[in-house]
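work21.cif (mmCIF, C-alpha atoms) appears below.
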data_upload
loop_
_atom_site.label_atom_id
_atom_site.label_comp_id
_atom_site.auth_asym_id
_atom_site.auth_seq_id
_atom_site.Cartn_x
_atom_site.Cartn_y
_atom_site.Cartn_z
CA MET A 1 -37.84 -46.18 25.94
CA CYS A 2 -38.55 -43.23 28.22
CA ASP A 3 -41.18 -40.67 27.22
CA VAL A 4 -38.91 -37.72 27.89
CA GLN A 5 -36.09 -39.01 25.74
CA GLY A 6 -36.92 -36.68 22.84
CA LYS A 7 -36.89 -33.66 25.14
CA LEU A 8 -33.59 -34.04 26.89
CA VAL A 9 -31.59 -31.70 24.64
CA ALA A 10 -34.35 -29.09 24.76
CA TRP A 11 -34.33 -29.46 28.56
CA LEU A 12 -30.57 -28.83 28.57
CA ASP A 13 -31.11 -25.74 26.43
CA HIS A 14 -33.91 -24.44 28.72
CA GLU A 15 -36.27 -24.51 25.76
CA LEU A 16 -39.12 -26.48 27.40
CA SER A 17 -42.22 -24.96 28.89
CA SER A 18 -42.32 -24.99 32.69
CA ASP A 19 -44.72 -27.98 32.71
CA GLU A 20 -42.55 -30.01 30.35
CA ALA A 21 -39.40 -29.08 32.27
CA ALA A 22 -41.01 -30.18 35.54
CA THR A 23 -41.90 -33.54 33.99
CA VAL A 24 -38.31 -34.06 32.81
CA ASP A 25 -36.99 -32.95 36.23
CA ARG A 26 -39.08 -35.61 37.96
CA HIS A 27 -38.11 -38.27 35.46
CA ILE A 28 -34.35 -37.82 35.57
CA LYS A 29 -34.37 -38.10 39.35
CA GLU A 30 -35.63 -41.64 38.94
CA CYS A 31 -34.07 -42.71 35.62
CA ARG A 32 -30.35 -43.29 35.64
CA GLU A 33 -30.23 -43.96 31.88
CA CYS A 34 -31.65 -40.54 31.09
CA ARG A 35 -29.22 -38.93 33.54
CA ASP A 36 -26.37 -40.61 31.65
CA ARG A 37 -27.84 -39.48 28.32
CA LEU A 38 -28.08 -35.93 29.61
CA ALA A 39 -24.42 -36.04 30.68
CA THR A 40 -23.48 -37.38 27.25
CA TYR A 41 -25.44 -34.67 25.38
CA LYS A 42 -23.91 -32.00 27.58
CA GLN A 43 -20.44 -33.36 26.88
CA VAL A 44 -21.08 -33.49 23.12
CA SER A 45 -22.35 -29.90 23.15
CA GLU A 46 -19.26 -28.73 25.00
CA ASN A 47 -16.98 -30.64 22.64
CA PHE A 48 -18.78 -29.09 19.67
CA ASP A 49 -18.09 -25.64 21.14
CA VAL A 50 -14.42 -26.46 21.65
CA HIS A 51 -14.24 -27.81 18.13
CA CYS A 52 -15.74 -24.59 16.70
CA ASP A 53 -13.24 -22.50 18.65
CA ALA A 54 -10.40 -24.65 17.28
CA VAL A 55 -11.68 -24.20 13.73
CA VAL A 56 -11.84 -20.42 14.14
CA ALA A 57 -8.43 -20.26 15.82
CA GLY A 58 -6.92 -22.39 13.04
CA LYS A 59 -8.38 -20.25 10.26
CA MET A 60 -7.40 -16.99 11.94
CA ARG A 61 -3.85 -18.24 12.43
CA HIS A 62 -3.63 -19.28 8.80
CA ARG A 63 -4.75 -15.81 7.87
CA VAL A 64 -1.74 -14.33 9.64
CA SER A 65 0.74 -16.99 8.60
CA ARG A 66 -0.23 -16.62 4.95
CA TRP A 67 1.08 -13.07 4.98
CA VAL A 68 4.24 -13.75 6.92
CA PRO A 69 6.10 -15.67 4.17
CA VAL A 70 4.95 -13.20 1.52
CA LEU A 71 6.18 -10.26 3.54
CA ALA A 72 9.41 -12.06 4.47
CA SER A 73 10.18 -12.97 0.85
CA VAL A 74 9.59 -9.38 -0.27
CA VAL A 75 12.01 -8.12 2.36
CA VAL A 76 14.62 -10.78 1.48
CA ALA A 77 14.28 -9.99 -2.24
CA ALA A 78 14.75 -6.30 -1.54
CA VAL A 79 17.87 -6.96 0.53
CA VAL A 80 19.32 -9.31 -2.13
CA MET A 81 18.63 -6.75 -4.86
CA PHE A 82 20.36 -4.10 -2.80
CA LEU A 83 23.42 -6.26 -2.15
CA VAL A 84 23.80 -7.85 -5.59
CA PHE A 85 22.95 -4.79 -7.65
CA PRO A 86 24.40 -1.83 -5.80
CA GLN A 87 23.34 1.50 -7.03
CA ARG A 88 25.54 2.38 -10.05
CA ARG A 89 26.15 5.96 -10.85
CA ILE A 90 27.64 7.04 -14.13
CA GLU A 91 29.99 9.69 -13.02
CA PRO A 92 31.07 12.22 -15.54
CA PRO A 93 34.77 11.93 -16.39
CA PRO A 94 36.93 14.41 -14.57
CA VAL A 95 37.65 17.47 -16.66
CA LEU A 96 41.03 18.73 -15.74
CA ALA A 97 41.54 22.39 -15.52
CA PRO A 98 44.26 23.55 -17.84
CA THR A 99 47.52 23.44 -16.02
CA LEU A 100 49.04 26.82 -16.05
CA ALA A 101 52.04 25.88 -14.01
CA ALA A 102 55.19 25.44 -16.03
CA THR A 103 55.67 21.85 -15.06
CA SER A 104 55.49 18.79 -17.19
CA VAL A 105 53.01 16.06 -16.38
CA PRO A 106 53.98 12.56 -17.34
CA VAL A 107 51.80 11.01 -19.96
CA PRO A 108 50.37 7.73 -18.70
CA ALA A 109 51.54 4.84 -20.81
CA PRO A 110 48.63 3.76 -22.95
CA HIS A 111 47.45 0.21 -22.70
CA ALA A 112 48.82 -2.13 -25.34
CA ALA A 113 45.32 -3.25 -26.18
CA GLU A 114 44.22 0.33 -26.56
CA MET A 115 47.16 1.08 -28.82
CA ALA A 116 46.46 -1.84 -31.11
CA PRO A 117 44.56 -0.78 -34.21
CA ARG A 118 40.94 -1.73 -34.14
CA LYS A 119 40.21 -4.48 -36.53
CA THR A 120 36.86 -4.74 -38.18
CA ILE A 121 35.55 -8.23 -37.70
CA ARG A 122 33.16 -9.42 -40.30
CA ARG A 123 30.68 -11.84 -38.82
CA ARG A 124 28.53 -14.21 -40.78
CA HIS A 125 25.61 -13.75 -38.50
CA ALA A 126 24.24 -10.78 -36.73
CA VAL A 127 25.53 -10.25 -33.26
CA PRO A 128 24.63 -7.56 -30.84
CA LEU A 129 26.83 -4.54 -31.26
CA VAL A 130 28.33 -4.80 -27.84
CA GLU A 131 31.73 -3.49 -28.90
CA GLU A 132 30.29 -0.43 -30.57
CA GLN A 133 28.20 0.31 -27.52
CA VAL A 134 31.28 0.17 -25.33
CA VAL A 135 33.08 2.55 -27.64
CA LYS A 136 30.11 4.84 -27.67
CA TRP A 137 30.08 4.96 -23.92
CA GLN A 138 33.72 6.06 -23.69
CA PRO A 139 34.07 9.64 -22.68
CA THR A 140 35.16 11.84 -25.52
CA GLU A 141 36.51 14.55 -23.30
CA THR A 142 40.20 15.10 -22.79
CA ALA A 143 41.77 12.65 -20.36
CA VAL A 144 45.12 14.36 -19.84
CA GLN A 145 46.38 17.86 -20.50
CA ILE A 146 50.09 18.62 -20.52
CA ALA A 147 51.67 22.01 -20.51
CA ILE A 148 55.35 22.07 -21.50
CA PRO A 149 57.35 25.32 -21.34
CA ALA A 150 59.66 26.04 -24.31
CA GLU A 151 62.86 26.00 -22.24
CA ALA A 152 62.02 22.43 -21.18
CA MET A 153 61.71 21.34 -24.82
CA PHE A 154 64.86 22.92 -26.24
CA PRO A 155 68.47 22.98 -25.01
CA PRO A 156 69.60 26.20 -23.32
CA GLY A 157 70.44 28.90 -25.86
CA ALA A 158 68.42 27.32 -28.65
CA MET A 159 65.53 29.68 -28.12
CA PRO A 160 66.02 33.30 -29.24
CA GLU A 161 66.05 35.98 -26.61
CA GLY A 162 62.61 37.23 -25.63
CA VAL A 163 60.74 34.30 -27.17
CA ASN A 164 58.96 32.09 -24.75
CA PHE A 165 55.89 29.93 -25.06
CA ILE A 166 54.13 27.00 -23.47
CA ALA A 167 52.99 24.02 -25.49
CA GLU A 168 49.66 22.58 -24.32
CA LEU A 169 48.84 19.06 -25.37
CA SER A 170 45.38 17.53 -24.90
CA ILE A 171 45.52 13.73 -24.95
CA ALA A 172 42.40 11.63 -25.40
CA PRO A 173 41.78 8.48 -23.31
CA ASP A 174 42.87 6.29 -26.24
CA GLY A 175 46.32 7.97 -26.23
CA SER A 176 45.88 10.09 -29.35
CA VAL A 177 46.68 13.77 -29.22
CA GLN A 178 43.54 15.79 -29.52
CA GLN A 179 44.94 19.25 -29.61
CA VAL A 180 48.27 21.06 -29.56
CA ARG A 181 48.20 24.71 -28.66
CA LEU A 182 51.00 27.17 -28.16
CA ARG A 183 50.39 30.08 -25.91
CA GLN A 184 52.52 32.83 -24.61
CA MET B 1 -32.98 26.63 22.68
CA SER B 2 -35.07 28.06 19.88
CA ASP B 3 -38.04 26.21 18.47
CA GLU B 4 -36.35 25.88 15.08
CA SER B 5 -33.46 23.90 16.52
CA VAL B 6 -35.65 21.07 17.87
CA PRO B 7 -36.45 19.29 14.60
CA LEU B 8 -32.81 19.55 13.53
CA ALA B 9 -31.44 18.24 16.80
CA LEU B 10 -33.77 15.29 17.17
CA PRO B 11 -32.53 13.15 14.27
CA LEU B 12 -28.95 13.78 15.36
CA LEU B 13 -29.74 12.64 18.89
CA ARG B 14 -31.50 9.60 17.57
CA LEU B 15 -28.57 8.76 15.32
CA ALA B 16 -26.13 9.16 18.22
CA ALA B 17 -28.24 6.89 20.41
CA GLY B 18 -28.49 4.34 17.59
CA SER B 19 -24.75 4.45 17.01
CA SER B 20 -23.93 3.70 20.62
CA GLU B 21 -26.42 0.83 20.57
CA VAL B 22 -24.80 -0.58 17.45
CA THR B 23 -21.36 -0.23 19.05
CA THR B 24 -22.51 -2.17 22.11
CA LEU B 25 -24.04 -4.87 19.92
CA TYR B 26 -20.88 -5.00 17.83
CA ARG B 27 -18.75 -5.63 20.90
CA GLU B 28 -21.14 -8.31 22.10
CA LEU B 29 -21.93 -10.14 18.89
CA ARG B 30 -18.92 -9.73 16.63
CA LYS B 31 -17.15 -12.83 17.93
CA PRO B 32 -20.17 -15.19 17.89
CA LEU B 33 -20.99 -14.02 14.37
CA LEU B 34 -17.43 -14.54 13.18
CA ARG B 35 -17.36 -17.97 14.75
CA TYR B 36 -20.62 -18.94 13.10
CA LEU B 37 -19.52 -17.75 9.66
CA VAL B 38 -16.06 -19.30 9.83
CA CYS B 39 -17.49 -22.62 11.03
CA LEU B 40 -20.04 -22.38 8.24
CA GLY B 41 -17.14 -22.48 5.79
CA LEU B 42 -16.26 -18.86 5.01
CA SER B 43 -12.66 -17.75 5.13
CA SER B 44 -11.75 -15.44 7.98
CA ASP B 45 -11.52 -12.51 5.54
CA GLU B 46 -14.93 -13.24 4.08
CA ALA B 47 -16.39 -13.68 7.55
CA GLN B 48 -15.01 -10.30 8.64
CA ASP B 49 -16.48 -8.67 5.53
CA VAL B 50 -19.87 -10.23 6.16
CA VAL B 51 -19.88 -9.15 9.81
CA GLN B 52 -18.99 -5.58 8.81
CA ASP B 53 -21.74 -5.54 6.19
CA ALA B 54 -24.24 -6.96 8.66
CA PHE B 55 -23.52 -4.17 11.14
CA VAL B 56 -23.75 -1.52 8.44
CA SER B 57 -27.15 -2.98 7.54
CA LEU B 58 -28.11 -2.91 11.21
CA GLN B 59 -27.21 0.76 11.44
CA ARG B 60 -29.40 1.51 8.42
CA HIS B 61 -32.15 -0.66 9.87
CA LEU B 62 -32.15 1.23 13.17
CA ALA B 63 -31.81 4.61 11.46
CA SER B 64 -34.92 3.87 9.38
CA ASP B 65 -36.91 2.99 12.53
CA GLY B 66 -36.79 -0.71 11.78
CA LYS B 67 -37.97 -3.38 14.18
CA GLN B 68 -35.81 -3.32 17.30
CA GLU B 69 -36.77 -6.60 18.94
CA ASN B 70 -34.54 -9.64 18.67
CA ILE B 71 -31.64 -7.77 17.10
CA ARG B 72 -29.35 -10.74 17.69
CA GLY B 73 -31.50 -13.03 15.56
CA TRP B 74 -31.82 -10.27 12.96
CA LEU B 75 -28.03 -9.90 12.73
CA PHE B 76 -27.45 -13.63 12.42
CA ARG B 77 -30.12 -13.83 9.73
CA VAL B 78 -28.53 -11.00 7.72
CA ALA B 79 -25.07 -12.55 8.12
CA HIS B 80 -26.40 -15.99 7.20
CA ASN B 81 -28.06 -14.65 4.06
CA GLN B 82 -24.96 -12.71 3.05
CA ALA B 83 -22.89 -15.85 3.50
CA ARG B 84 -25.39 -17.70 1.33
CA ASN B 85 -25.04 -15.01 -1.34
CA ARG B 86 -21.35 -15.76 -1.60
CA GLN B 87 -22.35 -18.89 -3.43
CA THR B 88 -19.04 -19.90 -4.95
CA SER B 89 -16.92 -19.85 -1.86
CA TYR B 90 -19.71 -20.79 0.51
CA HIS B 91 -20.88 -23.90 -1.29
CA ARG B 92 -17.39 -24.98 -2.12
CA ARG B 93 -16.25 -24.85 1.45
CA PHE B 94 -19.47 -25.56 3.27
CA ILE B 95 -19.05 -29.23 2.61
CA GLU B 96 -15.51 -29.14 3.87
CA PRO B 97 -15.07 -30.68 7.29
CA LEU B 98 -14.86 -28.53 10.36
CA ASP B 99 -11.49 -29.97 11.11
CA GLY B 100 -9.54 -27.14 12.60
CA GLU B 101 -6.20 -27.81 14.11
CA MET B 102 -6.56 -29.31 17.52
CA ASP B 103 -4.22 -27.00 19.35
CA PHE B 104 -6.54 -26.28 22.24
CA LEU B 105 -4.82 -28.80 24.50
CA THR B 106 -2.93 -27.28 27.37
CA ASP B 107 0.82 -27.56 27.45
CA ASP B 108 0.84 -29.54 30.66
CA ALA B 109 -1.17 -32.39 29.10
CA THR B 110 0.73 -35.66 28.97
CA PRO B 111 1.47 -37.19 25.56
CA GLU B 112 -1.12 -39.92 26.24
CA GLN B 113 -3.76 -37.31 27.08
CA ARG B 114 -2.95 -35.41 23.93
CA VAL B 115 -3.27 -38.52 21.78
CA LEU B 116 -6.61 -39.44 23.37
CA GLU B 117 -7.99 -35.92 23.04
CA LYS B 118 -6.89 -35.67 19.42
CA GLU B 119 -8.54 -38.95 18.67
CA LYS B 120 -11.74 -37.82 20.39
CA PHE B 121 -11.92 -34.64 18.34
CA ARG B 122 -10.96 -36.41 15.16
CA ARG B 123 -14.01 -38.64 15.66
CA LEU B 124 -16.16 -35.62 16.43
CA ALA B 125 -14.99 -33.89 13.24
CA ALA B 126 -15.83 -37.01 11.25
CA ALA B 127 -19.28 -37.15 12.87
CA ILE B 128 -19.95 -33.46 12.12
CA ARG B 129 -19.13 -34.17 8.49
CA LEU B 130 -21.95 -36.71 8.41
CA LEU B 131 -24.59 -34.25 9.63
CA THR B 132 -27.02 -32.69 7.20
CA GLU B 133 -26.64 -29.03 6.31
CA SER B 134 -29.57 -27.91 8.44
CA GLU B 135 -28.42 -30.02 11.40
CA ARG B 136 -25.00 -28.44 11.24
CA GLU B 137 -26.41 -24.93 10.86
CA CYS B 138 -28.74 -25.49 13.83
CA LEU B 139 -25.87 -26.68 16.01
CA LEU B 140 -23.65 -23.79 14.95
CA LEU B 141 -26.33 -21.21 15.73
CA ARG B 142 -27.06 -22.96 19.03
CA ALA B 143 -23.34 -22.81 19.83
CA GLY B 144 -23.56 -19.08 19.06
CA GLY B 145 -26.02 -18.72 21.92
CA LEU B 146 -29.21 -18.37 19.88
CA ARG B 147 -32.54 -19.60 21.21
CA TYR B 148 -34.55 -22.07 19.16
CA ARG B 149 -36.93 -19.29 18.15
CA GLU B 150 -34.02 -17.20 16.85
CA ILE B 151 -32.53 -20.16 15.03
CA GLY B 152 -35.91 -20.71 13.40
CA GLU B 153 -35.97 -17.07 12.26
CA VAL B 154 -32.48 -17.29 10.81
CA LEU B 155 -33.06 -20.54 8.96
CA GLY B 156 -36.74 -20.07 8.19
CA MET B 157 -37.83 -23.09 10.24
CA ALA B 158 -40.55 -23.66 12.82
CA VAL B 159 -39.39 -23.69 16.45
CA SER B 160 -40.52 -27.31 16.88
CA THR B 161 -38.51 -28.30 13.79
CA VAL B 162 -35.45 -26.59 15.23
CA GLY B 163 -35.90 -28.55 18.49
CA ASP B 164 -36.20 -31.84 16.62
CA THR B 165 -33.20 -31.04 14.39
CA VAL B 166 -30.97 -30.09 17.32
CA GLU B 167 -32.01 -33.18 19.27
CA ARG B 168 -31.35 -35.44 16.28
CA ALA B 169 -27.96 -33.83 15.56
CA ILE B 170 -26.74 -34.14 19.14
CA LYS B 171 -27.83 -37.77 19.29
CA LYS B 172 -25.98 -38.50 16.04
CA LEU B 173 -22.80 -36.94 17.37
CA ALA B 174 -23.09 -38.79 20.69
CA GLU B 175 -23.62 -42.07 18.89
CA LYS B 176 -20.68 -41.62 16.51
CA CYS B 177 -18.32 -40.30 19.13
CA ASN B 178 -19.18 -42.87 21.83
CA VAL B 179 -18.91 -40.16 24.46
#

structure tokens encoding of this file:
Amino acid sequence: MCDVQGKLVAWLDHELSSDEAATVDRHIKECRECRDRLATYKQVSENFDVHCDAVVAGKMRHRVSRWVPVLASVVVAAVVMFLVFPQRRIEPPPVLAPTLAATSVPVPAPHAAEMAPRKTIRRRHAVPLVEEQVVKWQPTETAVQIAIPAEAMFPPGAMPEGVNFIAELSIAPDGSVQQVRLRQ
Amino acid sequence: MSDESVPLALPLLRLAAGSSEVTTLYRELRKPLLRYLVCLGLSSDEAQDVVQDAFVSLQRHLASDGKQENIRGWLFRVAHNQARNRQTSYHRRFIEPLDGEMDFLTDDATPEQRVLEKEKFRRLAAAIRLLTESERECLLLRAGGLRYREIGEVLGMAVSTVGDTVERAIKKLAEKCNV
């Protein structure tokens, strides 16, 4: 075993005193084994450096890639929410201005289901009051207003001279007449 | 310049000079410090935090006329101690292998070369796992460019002990890796 064997790494690292370094210098010129050892230690040191760089690069990349799926899923979720649940606005029902023109407006035929009398269903167990909520949400304002002049309602000559009026009917969305008003 | 302005201006000048010195040191030592801390087992976020804290401490140290020699060793010591203070994460991960992903091979390497290189570094990673804590710390600080004296200051070891530890660690790795 060579005397300088325990100083080869320190020699590589330039950590020996000048006397010790000179001794190692002389020895490695003559000793092939120690030259090979030095080459090996140098190679191991370089590999250790490369390994450290790979560790750092791997951890730094993971740091970025950890955020990418989180960010991507948030964006996808936002897009899905936007597409599946479009923004719903509850628009107020249109309030028709009273028609002053002397023309008749056809009454839309009410739905058969709407015309059918509401039947109270007695349930044995409690259920959510879905039906009542739907009813509550129906607009209570007038759906249709009709103005009918008197001459359109009666045959010619039936109305006395000088008497003229317009009948205004306000019909609710369920088809019932809300209000009847006669005006001159 | 009036006489009254001198005492006011001097600390500002000193602070400005200190700040530029810290900035230069930050540029020079940020990467080696990060590499040391990450290889020690901290996450990249923790390592960044520790490096920031270490430089804030350095700024305070210089502002309070602290010792200005061997700042590199001082910074590594502060960073090392702060990493140690993060006991939970540090100790949990310190024993984890330094087995980063081996993606340092160039694209023009043949498949055979890639296999051989991967195998070589897999053996190295396994050998590093078998080192003692102080051997690994010595090698990491040495890889960070620290002299044996600085490593001794960081780890609280004598210079001769550092030399022996580094020598022993390198020999272990060479033996296990059959380089």

Identify, on the basis of all atoms listed in the file, every residue whose closest approach to B:Arg123 does not exceed 9 Å; exclude the query and any residue fewer than 5 positions from it along the same chain; express the result as a PyMOL selection string.
chain B and resi 118+128+176-177

Dump as a PDB file, keeping the file's coordinate frame, selection limited to C-alpha atoms:
ATOM      1  CA  LYS B 118      -6.890 -35.670  19.420  1.00  0.00           C
ATOM      2  CA  ILE B 128     -19.950 -33.460  12.120  1.00  0.00           C
ATOM      3  CA  LYS B 176     -20.680 -41.620  16.510  1.00  0.00           C
ATOM      4  CA  CYS B 177     -18.320 -40.300  19.130  1.00  0.00           C
TER       5      CYS B 177
END

Which residue of A:Leu12, A:Glu168, A:Val144, A:Phe154 approaches A:Arg37 most closely, using all atoms listed in the file
A:Leu12

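Nearest-residue note for chain A: choosing from B:Asp65, B:Glu28, B:Asp45, B:Glu133, the minimum distance belongs to B:Asp45, counting only C-alpha atoms.
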
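Shortest atom-to-atom contact with chain B among A:Ala57, A:Cys31, A:Leu83, A:Ala150: A:Ala57, counting all atoms listed in the file.
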
Take the PyMOL selection byres ((chain B and resi 82) around 10), apply it to the structure above, and return the hits as a ChimeraX atom specification.
/B:37,47,49-51,53-54,76-81,83-87,90

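Residues lying within 12 Å of stretch 16-18 of chain A, counting all atoms listed in the file and ignoring same-chain neighbours fewer than 2 positions away, are Val4, Gly6, Lys7, Leu8, Val9, Ala10, Trp11, Leu12, Asp13, His14, Glu20, Ala21, Ala22, Thr23, Val24 and Asp25 of chain A; Arg147, Tyr148, Arg149, Val159, Ser160 and Gly163 of chain B.
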
For the residues in that selection, give me C-alpha atoms as a PDB file, in the coordinates of the input.
ATOM      1  CA  VAL A   4     -38.910 -37.720  27.890  1.00  0.00           C
ATOM      2  CA  GLY A   6     -36.920 -36.680  22.840  1.00  0.00           C
ATOM      3  CA  LYS A   7     -36.890 -33.660  25.140  1.00  0.00           C
ATOM      4  CA  LEU A   8     -33.590 -34.040  26.890  1.00  0.00           C
ATOM      5  CA  VAL A   9     -31.590 -31.700  24.640  1.00  0.00           C
ATOM      6  CA  ALA A  10     -34.350 -29.090  24.760  1.00  0.00           C
ATOM      7  CA  TRP A  11     -34.330 -29.460  28.560  1.00  0.00           C
ATOM      8  CA  LEU A  12     -30.570 -28.830  28.570  1.00  0.00           C
ATOM      9  CA  ASP A  13     -31.110 -25.740  26.430  1.00  0.00           C
ATOM     10  CA  HIS A  14     -33.910 -24.440  28.720  1.00  0.00           C
ATOM     11  CA  GLU A  20     -42.550 -30.010  30.350  1.00  0.00           C
ATOM     12  CA  ALA A  21     -39.400 -29.080  32.270  1.00  0.00           C
ATOM     13  CA  ALA A  22     -41.010 -30.180  35.540  1.00  0.00           C
ATOM     14  CA  THR A  23     -41.900 -33.540  33.990  1.00  0.00           C
ATOM     15  CA  VAL A  24     -38.310 -34.060  32.810  1.00  0.00           C
ATOM     16  CA  ASP A  25     -36.990 -32.950  36.230  1.00  0.00           C
TER      17      ASP A  25
ATOM     18  CA  ARG B 147     -32.540 -19.600  21.210  1.00  0.00           C
ATOM     19  CA  TYR B 148     -34.550 -22.070  19.160  1.00  0.00           C
ATOM     20  CA  ARG B 149     -36.930 -19.290  18.150  1.00  0.00           C
ATOM     21  CA  VAL B 159     -39.390 -23.690  16.450  1.00  0.00           C
ATOM     22  CA  SER B 160     -40.520 -27.310  16.880  1.00  0.00           C
ATOM     23  CA  GLY B 163     -35.900 -28.550  18.490  1.00  0.00           C
TER      24      GLY B 163
END

When the PyMOL selection byres ((chain A) within 8 of (chain B)) is applied to the file above, which residues end up in the set, as a PDB file with C-alpha atoms, in the coordinates of the input?
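Heads up, here's the output in out35.pdb:
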ATOM      1  CA  GLY A   6     -36.920 -36.680  22.840  1.00  0.00           C
ATOM      2  CA  LYS A   7     -36.890 -33.660  25.140  1.00  0.00           C
ATOM      3  CA  LEU A   8     -33.590 -34.040  26.890  1.00  0.00           C
ATOM      4  CA  VAL A   9     -31.590 -31.700  24.640  1.00  0.00           C
ATOM      5  CA  ALA A  10     -34.350 -29.090  24.760  1.00  0.00           C
ATOM      6  CA  GLU A  15     -36.270 -24.510  25.760  1.00  0.00           C
ATOM      7  CA  THR A  40     -23.480 -37.380  27.250  1.00  0.00           C
ATOM      8  CA  TYR A  41     -25.440 -34.670  25.380  1.00  0.00           C
ATOM      9  CA  GLN A  43     -20.440 -33.360  26.880  1.00  0.00           C
ATOM     10  CA  VAL A  44     -21.080 -33.490  23.120  1.00  0.00           C
ATOM     11  CA  SER A  45     -22.350 -29.900  23.150  1.00  0.00           C
ATOM     12  CA  ASN A  47     -16.980 -30.640  22.640  1.00  0.00           C
ATOM     13  CA  PHE A  48     -18.780 -29.090  19.670  1.00  0.00           C
ATOM     14  CA  ASP A  49     -18.090 -25.640  21.140  1.00  0.00           C
ATOM     15  CA  VAL A  50     -14.420 -26.460  21.650  1.00  0.00           C
ATOM     16  CA  HIS A  51     -14.240 -27.810  18.130  1.00  0.00           C
ATOM     17  CA  CYS A  52     -15.740 -24.590  16.700  1.00  0.00           C
ATOM     18  CA  ASP A  53     -13.240 -22.500  18.650  1.00  0.00           C
ATOM     19  CA  ALA A  54     -10.400 -24.650  17.280  1.00  0.00           C
ATOM     20  CA  VAL A  55     -11.680 -24.200  13.730  1.00  0.00           C
ATOM     21  CA  VAL A  56     -11.840 -20.420  14.140  1.00  0.00           C
ATOM     22  CA  ALA A  57      -8.430 -20.260  15.820  1.00  0.00           C
ATOM     23  CA  GLY A  58      -6.920 -22.390  13.040  1.00  0.00           C
ATOM     24  CA  LYS A  59      -8.380 -20.250  10.260  1.00  0.00           C
ATOM     25  CA  MET A  60      -7.400 -16.990  11.940  1.00  0.00           C
ATOM     26  CA  ARG A  63      -4.750 -15.810   7.870  1.00  0.00           C
TER      27      ARG A  63
END

How far is it from atom CA of B:Pro32 to atom CA of B:Glu69, in Å with one decimal?
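These two atoms are separated by 18.7 Å.
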
Atom pair atom CA of A:Phe165 + atom CA of A:Arg183, distance 5.6 Å

Taking every listed atom of stretch 158-163 of chain A and adding 3 Å to each side, what centre and edge lengths in Å (one decimal) does the axis-aligned box have, as lines of an AutoDock Vina configuration file?
center_x = 64.6
center_y = 32.3
center_z = -27.4
size_x = 13.7
size_y = 15.9
size_z = 9.6

If we count only C-alpha atoms and set the cut-off at 9 Å, which residues sit around B:Leu155, ignoring sequence neighbours fewer than 4 positions away in its own chain? Please answer as a ChimeraX atom specification.
/B:77,80,134,137-138,150-151

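Atom CA of B:Ile71 is positioned 15.3 Å from atom CA of B:Gln52.
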